[in-house]
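Structure file structure-v8.txt (compact mmCIF, C-alpha atoms) follows.
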# COMPACT_ATOMS: atom_id res chain seq x y z
CA MET L 1 137.75 -67.41 156.28
CA THR L 2 134.55 -66.71 154.34
CA GLU L 3 134.42 -66.94 150.53
CA ALA L 4 133.95 -63.16 150.33
CA ALA L 5 137.01 -62.55 152.50
CA ALA L 6 139.04 -64.99 150.43
CA ALA L 7 138.03 -63.17 147.27
CA ARG L 8 139.04 -59.84 148.78
CA GLY L 9 142.39 -61.32 149.74
CA GLN L 10 142.98 -62.56 146.21
CA ARG L 11 142.07 -59.18 144.81
CA ASP L 12 144.33 -57.38 147.28
CA ALA L 13 147.18 -59.68 146.25
CA HIS L 14 146.46 -58.79 142.66
CA PRO L 15 145.87 -55.01 142.65
CA THR L 16 144.24 -53.50 139.60
CA ALA L 17 142.90 -50.01 139.08
CA MET L 18 139.11 -49.82 138.97
CA VAL L 19 137.01 -46.93 137.65
CA PRO L 20 133.52 -46.31 139.07
CA ILE L 21 130.83 -46.10 136.39
CA PRO L 22 127.65 -44.30 137.47
CA GLY L 23 124.46 -46.21 136.84
CA GLY L 24 121.68 -44.89 134.70
CA ALA L 25 119.76 -45.30 131.46
CA LEU L 26 121.88 -46.53 128.55
CA VAL L 27 120.67 -45.93 125.00
CA MET L 28 122.05 -49.18 123.62
CA GLY L 29 122.66 -50.24 120.03
CA SER L 30 122.83 -48.57 116.63
CA THR L 31 120.87 -48.53 113.37
CA GLY L 32 123.68 -47.34 111.11
CA TYR L 33 125.95 -50.37 110.77
CA TYR L 34 125.21 -54.06 111.42
CA ALA L 35 121.82 -55.71 111.90
CA ASP L 36 122.76 -57.39 115.18
CA GLU L 37 123.18 -53.97 116.82
CA GLN L 38 119.45 -53.35 116.49
CA PRO L 39 117.01 -52.38 117.78
CA VAL L 40 118.17 -49.30 119.63
CA HIS L 41 116.62 -49.47 123.08
CA THR L 42 117.08 -48.17 126.61
CA VAL L 43 118.55 -50.34 129.35
CA VAL L 44 118.78 -49.40 133.03
CA VAL L 45 122.23 -50.28 134.38
CA HIS L 46 123.30 -50.17 138.02
CA GLY L 47 126.53 -48.44 138.94
CA PHE L 48 129.60 -50.67 139.03
CA GLN L 49 133.38 -50.55 138.82
CA ILE L 50 135.41 -51.70 135.83
CA GLU L 51 139.11 -52.31 135.33
CA THR L 52 140.96 -49.39 133.76
CA HIS L 53 142.48 -51.59 131.06
CA PRO L 54 142.28 -55.14 129.73
CA VAL L 55 143.95 -57.83 131.82
CA THR L 56 147.63 -57.93 130.85
CA ASN L 57 150.03 -60.80 130.34
CA THR L 58 151.68 -59.98 133.66
CA GLN L 59 148.35 -60.08 135.50
CA PHE L 60 147.26 -63.31 133.85
CA ALA L 61 150.62 -64.91 134.67
CA ALA L 62 150.04 -64.08 138.36
CA PHE L 63 146.70 -65.91 138.19
CA VAL L 64 148.25 -68.98 136.54
CA ASP L 65 151.11 -69.02 139.05
CA ALA L 66 148.65 -68.85 141.96
CA THR L 67 146.16 -71.42 140.69
CA GLY L 68 147.91 -73.68 138.19
CA HIS L 69 145.12 -72.97 135.72
CA VAL L 70 145.57 -74.64 132.33
CA THR L 71 143.86 -72.67 129.58
CA VAL L 72 141.58 -74.28 127.01
CA ALA L 73 144.20 -73.68 124.30
CA GLU L 74 146.70 -75.69 126.34
CA ARG L 75 144.41 -78.74 126.62
CA PRO L 76 143.74 -81.43 124.00
CA LEU L 77 140.31 -81.10 122.43
CA ASP L 78 137.62 -83.50 123.60
CA ALA L 79 136.80 -85.67 120.58
CA ALA L 80 133.21 -86.06 121.83
CA LEU L 81 132.67 -82.29 121.52
CA TYR L 82 134.24 -82.10 118.05
CA PRO L 83 132.87 -85.03 116.03
CA GLY L 84 134.55 -85.57 112.70
CA VAL L 85 137.72 -83.68 113.60
CA ALA L 86 140.86 -85.57 112.64
CA PRO L 87 142.83 -86.90 115.63
CA GLU L 88 145.90 -84.83 114.69
CA ASP L 89 143.75 -81.69 114.91
CA LEU L 90 142.68 -82.42 118.49
CA GLN L 91 146.04 -81.41 119.92
CA PRO L 92 146.35 -78.20 122.00
CA GLY L 93 146.42 -74.99 120.00
CA ALA L 94 144.54 -71.86 119.00
CA LEU L 95 143.73 -69.58 116.08
CA VAL L 96 146.48 -67.23 114.89
CA PHE L 97 146.16 -64.39 112.38
CA HIS L 98 148.46 -64.54 109.35
CA PRO L 99 148.49 -61.67 106.84
CA THR L 100 147.88 -62.74 103.26
CA PRO L 101 150.55 -62.07 100.59
CA GLY L 102 148.26 -59.62 98.80
CA PRO L 103 144.63 -58.67 98.18
CA VAL L 104 142.07 -61.47 98.57
CA PRO L 105 138.27 -61.62 98.57
CA LEU L 106 137.04 -60.85 102.07
CA THR L 107 134.40 -63.58 102.11
CA ASP L 108 136.47 -66.39 103.65
CA TRP L 109 138.14 -65.76 107.00
CA ARG L 110 140.11 -69.00 106.66
CA GLN L 111 142.47 -67.20 104.30
CA TRP L 112 144.01 -65.29 107.20
CA TRP L 113 143.07 -67.32 110.30
CA LYS L 114 145.01 -70.56 110.80
CA TRP L 115 144.74 -73.24 113.48
CA GLN L 116 148.18 -73.23 115.12
CA PRO L 117 149.17 -76.21 117.28
CA GLY L 118 151.07 -74.99 120.33
CA ALA L 119 149.58 -71.48 120.29
CA SER L 120 148.49 -70.32 123.76
CA TRP L 121 148.61 -67.26 125.98
CA ARG L 122 152.29 -68.03 126.64
CA HIS L 123 153.00 -68.44 122.91
CA PRO L 124 150.40 -66.20 121.24
CA SER L 125 151.65 -66.80 117.69
CA GLY L 126 152.58 -70.43 118.25
CA PRO L 127 155.86 -72.19 119.11
CA GLY L 128 158.78 -69.82 118.86
CA SER L 129 156.78 -66.81 120.07
CA ASP L 130 156.76 -65.68 123.69
CA LEU L 131 155.88 -62.76 125.96
CA THR L 132 159.30 -61.12 126.13
CA GLY L 133 158.75 -57.36 126.39
CA ARG L 134 154.98 -57.84 126.31
CA GLY L 135 154.07 -57.94 129.99
CA ASP L 136 151.98 -54.78 129.64
CA HIS L 137 150.13 -55.98 126.52
CA PRO L 138 146.63 -57.45 126.89
CA VAL L 139 146.65 -61.20 127.35
CA VAL L 140 145.29 -63.03 124.28
CA GLN L 141 144.57 -66.65 123.39
CA VAL L 142 142.17 -66.84 126.34
CA SER L 143 138.73 -68.38 125.95
CA TYR L 144 135.62 -67.33 127.84
CA VAL L 145 136.24 -70.30 130.12
CA ASP L 146 139.67 -68.91 131.04
CA ALA L 147 138.43 -65.35 131.48
CA HIS L 148 135.68 -66.55 133.82
CA ALA L 149 138.20 -68.54 135.86
CA TYR L 150 140.45 -65.49 136.22
CA ALA L 151 137.55 -63.24 137.27
CA THR L 152 136.44 -65.74 139.90
CA TRP L 153 139.96 -66.00 141.30
CA ALA L 154 140.23 -62.20 141.50
CA GLY L 155 136.88 -61.85 143.28
CA LEU L 156 135.48 -60.01 140.27
CA SER L 157 133.11 -60.77 137.38
CA LEU L 158 133.02 -60.42 133.63
CA PRO L 159 130.82 -57.55 132.46
CA THR L 160 127.39 -57.84 130.93
CA GLU L 161 127.02 -56.38 127.44
CA PRO L 162 125.06 -53.33 128.69
CA GLU L 163 127.66 -52.68 131.40
CA TRP L 164 130.45 -52.89 128.85
CA GLU L 165 128.70 -50.60 126.35
CA LEU L 166 127.84 -48.02 129.02
CA ALA L 167 131.49 -47.93 130.11
CA ALA L 168 132.80 -47.77 126.53
CA ARG L 169 130.63 -44.78 125.64
CA GLY L 170 132.42 -42.73 128.28
CA GLY L 171 129.42 -40.55 129.02
CA LEU L 172 128.51 -39.87 125.37
CA VAL L 173 124.98 -40.65 124.20
CA GLY L 174 124.14 -41.92 120.73
CA LYS L 175 127.57 -41.33 119.20
CA ASP L 176 128.99 -43.72 116.62
CA PHE L 177 132.43 -43.94 118.19
CA ALA L 178 133.68 -43.72 121.76
CA TRP L 179 135.05 -40.24 121.02
CA GLY L 180 132.22 -38.82 118.86
CA ASP L 181 130.75 -39.29 115.39
CA GLU L 182 133.96 -39.02 113.35
CA ALA L 183 136.01 -42.16 112.80
CA HIS L 184 139.24 -40.18 112.51
CA PRO L 185 138.98 -36.79 114.22
CA ASP L 186 141.91 -34.43 114.29
CA GLY L 187 144.60 -35.21 116.83
CA PRO L 188 146.23 -38.47 117.89
CA LEU L 189 144.95 -41.83 116.73
CA ARG L 190 142.23 -42.87 119.18
CA ALA L 191 142.52 -46.69 119.12
CA ASN L 192 144.64 -49.61 117.96
CA THR L 193 142.90 -50.71 114.77
CA TRP L 194 144.13 -51.89 111.37
CA GLN L 195 146.06 -49.18 109.50
CA GLY L 196 146.28 -50.04 105.82
CA ARG L 197 144.64 -52.57 103.53
CA PHE L 198 143.15 -55.64 105.17
CA PRO L 199 144.32 -58.42 105.40
CA TYR L 200 147.71 -57.96 103.80
CA GLU L 201 149.06 -54.47 104.57
CA ASN L 202 149.18 -53.02 108.08
CA HIS L 203 151.33 -49.98 108.80
CA GLY L 204 150.68 -50.33 112.52
CA ALA L 205 148.78 -48.13 114.95
CA ALA L 206 151.23 -45.78 116.66
CA GLY L 207 153.90 -48.20 115.51
CA TRP L 208 152.16 -51.35 116.76
CA ALA L 209 151.07 -54.01 114.27
CA GLY L 210 149.31 -56.40 116.63
CA THR L 211 148.56 -55.75 120.29
CA SER L 212 149.93 -52.61 121.90
CA PRO L 213 150.81 -51.85 125.54
CA VAL L 214 147.73 -50.82 127.49
CA GLY L 215 147.48 -47.05 127.65
CA THR L 216 149.20 -46.38 124.32
CA PHE L 217 146.06 -44.58 123.11
CA PRO L 218 143.98 -41.84 124.78
CA PRO L 219 141.41 -42.80 127.45
CA ASN L 220 137.69 -42.34 126.93
CA GLY L 221 135.50 -39.94 128.88
CA PHE L 222 135.52 -42.20 131.95
CA GLY L 223 139.30 -42.55 131.90
CA LEU L 224 139.19 -46.12 130.57
CA LEU L 225 141.93 -47.41 128.30
CA ASP L 226 141.57 -49.60 125.21
CA MET L 227 137.82 -50.01 125.42
CA ILE L 228 137.99 -49.67 121.64
CA GLY L 229 140.53 -51.60 119.57
CA ASN L 230 143.60 -53.53 120.72
CA VAL L 231 141.66 -56.69 121.72
CA TRP L 232 138.06 -57.82 121.64
CA GLU L 233 136.68 -58.37 125.16
CA TRP L 234 134.44 -61.12 126.52
CA THR L 235 131.08 -60.37 128.13
CA VAL L 236 128.76 -62.79 129.95
CA ASP L 237 125.84 -62.25 127.59
CA ASP L 238 124.75 -64.96 125.18
CA TYR L 239 124.83 -63.82 121.57
CA THR L 240 121.59 -63.33 119.64
CA ASP L 241 121.37 -62.06 116.08
CA ARG L 242 119.43 -59.01 117.32
CA HIS L 243 119.26 -57.41 120.74
CA ASP L 244 116.99 -59.29 123.11
CA VAL L 245 114.99 -56.31 124.34
CA ALA L 246 112.87 -58.47 126.65
CA ALA L 247 115.99 -59.72 128.43
CA HIS L 248 117.14 -56.13 128.93
CA ALA L 249 113.78 -55.04 130.34
CA THR L 250 114.93 -56.12 133.80
CA PRO L 251 117.56 -53.67 135.10
CA THR L 252 121.05 -55.08 134.60
CA CYS L 253 122.62 -55.83 137.95
CA CYS L 254 124.01 -58.84 139.63
CA ALA L 255 122.56 -61.95 137.96
CA PRO L 256 123.42 -62.30 134.29
CA THR L 257 122.16 -65.45 132.63
CA VAL L 258 123.79 -67.95 130.31
CA ALA L 259 122.42 -70.10 127.49
CA GLU L 260 118.80 -71.29 127.59
CA GLY L 261 117.93 -69.23 130.65
CA ARG L 262 120.15 -71.19 133.01
CA PRO L 263 121.48 -69.22 136.02
CA ALA L 264 125.06 -68.03 135.75
CA PRO L 265 127.52 -70.38 137.46
CA ALA L 266 128.20 -69.49 141.08
CA ASP L 267 131.67 -68.18 141.87
CA GLY L 268 134.10 -71.05 141.77
CA THR L 269 131.97 -73.20 139.47
CA PRO L 270 133.85 -73.90 136.22
CA VAL L 271 132.17 -72.96 132.95
CA PRO L 272 131.70 -76.00 130.70
CA VAL L 273 133.82 -76.05 127.54
CA ASP L 274 130.76 -76.17 125.29
CA PRO L 275 131.42 -75.01 121.71
CA SER L 276 127.68 -74.60 121.10
CA VAL L 277 127.45 -71.66 123.54
CA ARG L 278 128.35 -68.28 122.05
CA LYS L 279 129.03 -65.11 124.02
CA VAL L 280 129.10 -61.47 122.95
CA LEU L 281 132.49 -59.88 122.27
CA LYS L 282 132.76 -56.09 122.39
CA GLY L 283 135.18 -53.35 121.37
CA GLY L 284 136.89 -54.50 118.19
CA SER L 285 140.60 -55.21 117.93
CA HIS L 286 143.86 -54.40 116.20
CA LEU L 287 142.52 -56.40 113.22
CA CYS L 288 139.41 -54.26 112.65
CA ALA L 289 139.43 -52.42 109.32
CA PRO L 290 136.59 -50.32 107.80
CA GLU L 291 136.36 -52.44 104.65
CA TYR L 292 135.93 -55.68 106.62
CA CYS L 293 135.08 -55.13 110.30
CA LEU L 294 133.87 -51.68 111.25
CA ARG L 295 133.18 -52.92 114.74
CA TYR L 296 135.50 -50.67 116.76
CA ARG L 297 132.46 -48.84 118.16
CA PRO L 298 130.65 -49.12 121.52
CA ALA L 299 127.46 -50.49 119.92
CA ALA L 300 129.26 -53.13 117.86
CA ARG L 301 129.19 -56.78 118.89
CA SER L 302 130.45 -60.11 117.62
CA PRO L 303 129.65 -63.75 118.50
CA GLN L 304 132.27 -66.19 119.75
CA SER L 305 131.98 -69.71 121.19
CA VAL L 306 133.15 -70.07 124.77
CA ASP L 307 135.91 -72.50 123.82
CA THR L 308 137.59 -70.22 121.29
CA ALA L 309 140.99 -68.60 121.84
CA THR L 310 142.55 -66.30 119.25
CA SER L 311 145.36 -63.77 118.91
CA HIS L 312 142.95 -60.81 119.17
CA ILE L 313 140.61 -61.65 122.07
CA GLY L 314 141.16 -60.61 125.70
CA PHE L 315 138.98 -59.38 128.58
CA ARG L 316 138.60 -57.11 131.60
CA CYS L 317 136.60 -57.49 134.81
CA VAL L 318 134.01 -55.58 136.82
CA LEU L 319 133.05 -55.29 140.47
CA ARG L 320 129.36 -54.99 141.23
CA ALA L 321 127.63 -53.85 144.37
CA THR L 322 125.00 -56.25 145.66
CA VAL L 323 121.88 -54.10 145.55
CA GLU L 324 118.21 -54.57 144.87
CA PRO L 325 117.17 -53.52 141.34
CA PRO L 326 115.08 -50.36 141.12
CA THR L 327 111.32 -50.87 140.86
CA ALA L 328 109.05 -49.42 138.21
CA ASP L 329 105.37 -48.56 137.90
CA GLY L 330 103.04 -50.15 135.36
CA ARG L 331 104.25 -47.80 132.61
CA GLY L 332 107.90 -48.69 133.11
CA ASN L 333 108.82 -45.46 134.92
CA LEU L 334 111.47 -45.92 137.61
CA LEU L 335 110.31 -45.30 141.15
CA ALA L 336 112.53 -43.67 143.76

Whole structure given in structure tokens:
Amino acid sequence: MTEAAAARGQRDAHPTAMVPIPGGALVMGSTGYYADEQPVHTVVVHGFQIETHPVTNTQFAAFVDATGHVTVAERPLDAALYPGVAPEDLQPGALVFHPTPGPVPLTDWRQWWKWQPGASWRHPSGPGSDLTGRGDHPVVQVSYVDAHAYATWAGLSLPTEPEWELAARGGLVGKDFAWGDEAHPDGPLRANTWQGRFPYENHGAAGWAGTSPVGTFPPNGFGLLDMIGNVWEWTVDDYTDRHDVAAHATPTCCAPTVAEGRPAPADGTPVPVDPSVRKVLKGGSHLCAPEYCLRYRPAARSPQSVDTATSHIGFRCVLRATVEPPTADGRGNLLA
């Protein structure tokens, strides 16, 4: 059996709804919020398919059952990669959000994020927590390394940042939010974000303080669920403090790159657990609040090292066609 056939078999054994996204010119970025969303520029993106919703606990469990994959959060830390860390802090674990007792200055994230030994995708809040009744919630406590492994097993890929942003905009051009320019238009709440005063008072979005079942909130214009809020989502793009327009000058297609211009690992090649490599997260999460993190917008982005697992990061996958990129004339105009 060829590798392609094996991948198709894995995907068939693990059905997931995919939505086709038409290719075209994406006006990417924003000038109205955070500096790393600039400059606004146009990126040509090929058509692709993307999963309707983030990968759920049930789906991730199927992957672990089939492969025996051990997530980064379930492994002891390599002392060589974390010099100076006390031996007792090298045990398996992950970051877990803990509300503060009351108002605090919002300048130190360590007031509400705690390293929790024993936290993992199976125990997202640490020992004593589990996935009972949460099979249809997005999986969390998964690093980029784990998301890449899942995508490879499923015969899929993680999205590039332009692919993700094009999908999240749902056909809208230049709007602040995935549903228009108003953060809170009339009608139902549009996304699972922080409802109250961060980081100590959360009334819950549609009754959910924390992750919510996929599909709790309305889809965007492409019919995609939870592109905004609920969980941040991994992309393959390396993070830079401003958009790398030169990197986006080549139409986004089938060969994203990783740090320092190295080619992306071939399917089946593990991603190194290298804390110095940071990828772009997109979409915001249930912890995003206007006074602290107004990043529940398609243009918004956030850096995260590939080894990091937290209680508000998940992912979804894409399927790309293998096609030649469109050509352009000397002025950058696309040729038929």

Mind listing as a list in words all residues within 12 Å of (123.0, -37.6, 127.4), counting all atoms listed in the file? Gly24, Ala25, Leu26, Val27, Leu166, Arg169, Gly170, Gly171, Leu172, Val173, Gly174 and Lys175 of chain L

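The smallest atom-to-atom distance between Ile228 in chain L and any of L:Thr16, L:Thr67, L:Ser212, L:Thr193, using all atoms listed in the file, is found for L:Thr193.
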
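One finds CA of Leu95 in chain L at 24.9 Å from CA of Trp164 in chain L.
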
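Nearest to Leu225 in chain L of all the residues L:Pro99, L:Gly180, L:Gly126, L:Pro213 is L:Pro213, based on all atoms listed in the file.
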
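Distances to Pro103 in chain L were evaluated for L:Glu165, L:Val43, L:Asn192, L:Tyr200 using all atoms listed in the file, and the minimum falls at L:Tyr200.
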
Neighbourhood query: residues within 10 Å of (137.9, -53.7, 118.9), file coordinates, counting all atoms listed in the file; return as a ChimeraX atom specification. /L:191-194,226-233,281-289,293-298,300-302,312-313

Judged by all atoms listed in the file, the minimum distance to Asp241 in chain L among L:Ala309, L:Phe315, L:Glu37, L:Met28 is found for L:Glu37

Which residue, L:Ala247, L:Ala299, L:Ile50, L:Val277, has the smallest gap to Ala35 in chain L when you use only C-alpha atoms? L:Ala299

Close residues, Ala80 in chain L itself excluded, 12 Å, only C-alpha atoms, min 4 positions apart in chain, as a ChimeraX atom specification: /L:76,84-87,90,273-275

Would you list the contacts of Phe48 in chain L as an MDAnalysis selection string, taking every protein, DNA or RNA residue within 10 Å and counting only C-alpha atoms, but skipping same-chain residues closer than 3 positions in sequence? chainID L and resid 18:23 45 159 163 167 253:254 318:322

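Closest to Thr235 in chain L among L:Ala249, L:Val40, L:Ala62, L:Cys317 is L:Cys317, based on only C-alpha atoms.
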
Coordinates-based distance that separates CA of Pro54 in chain L from CA of Ser157 in chain L (Å, one decimal): 13.2 Å

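Distance-wise, CA of Arg197 in chain L and CA of Pro124 in chain L end up 23.1 Å apart.
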
Find the residues around Gly128 in chain L up to 12 Å (all atoms listed in the file counted), leave out those fewer than 6 positions away in its own chain, and share them as a PyMOL selection string. chain L and resi 116-120+122
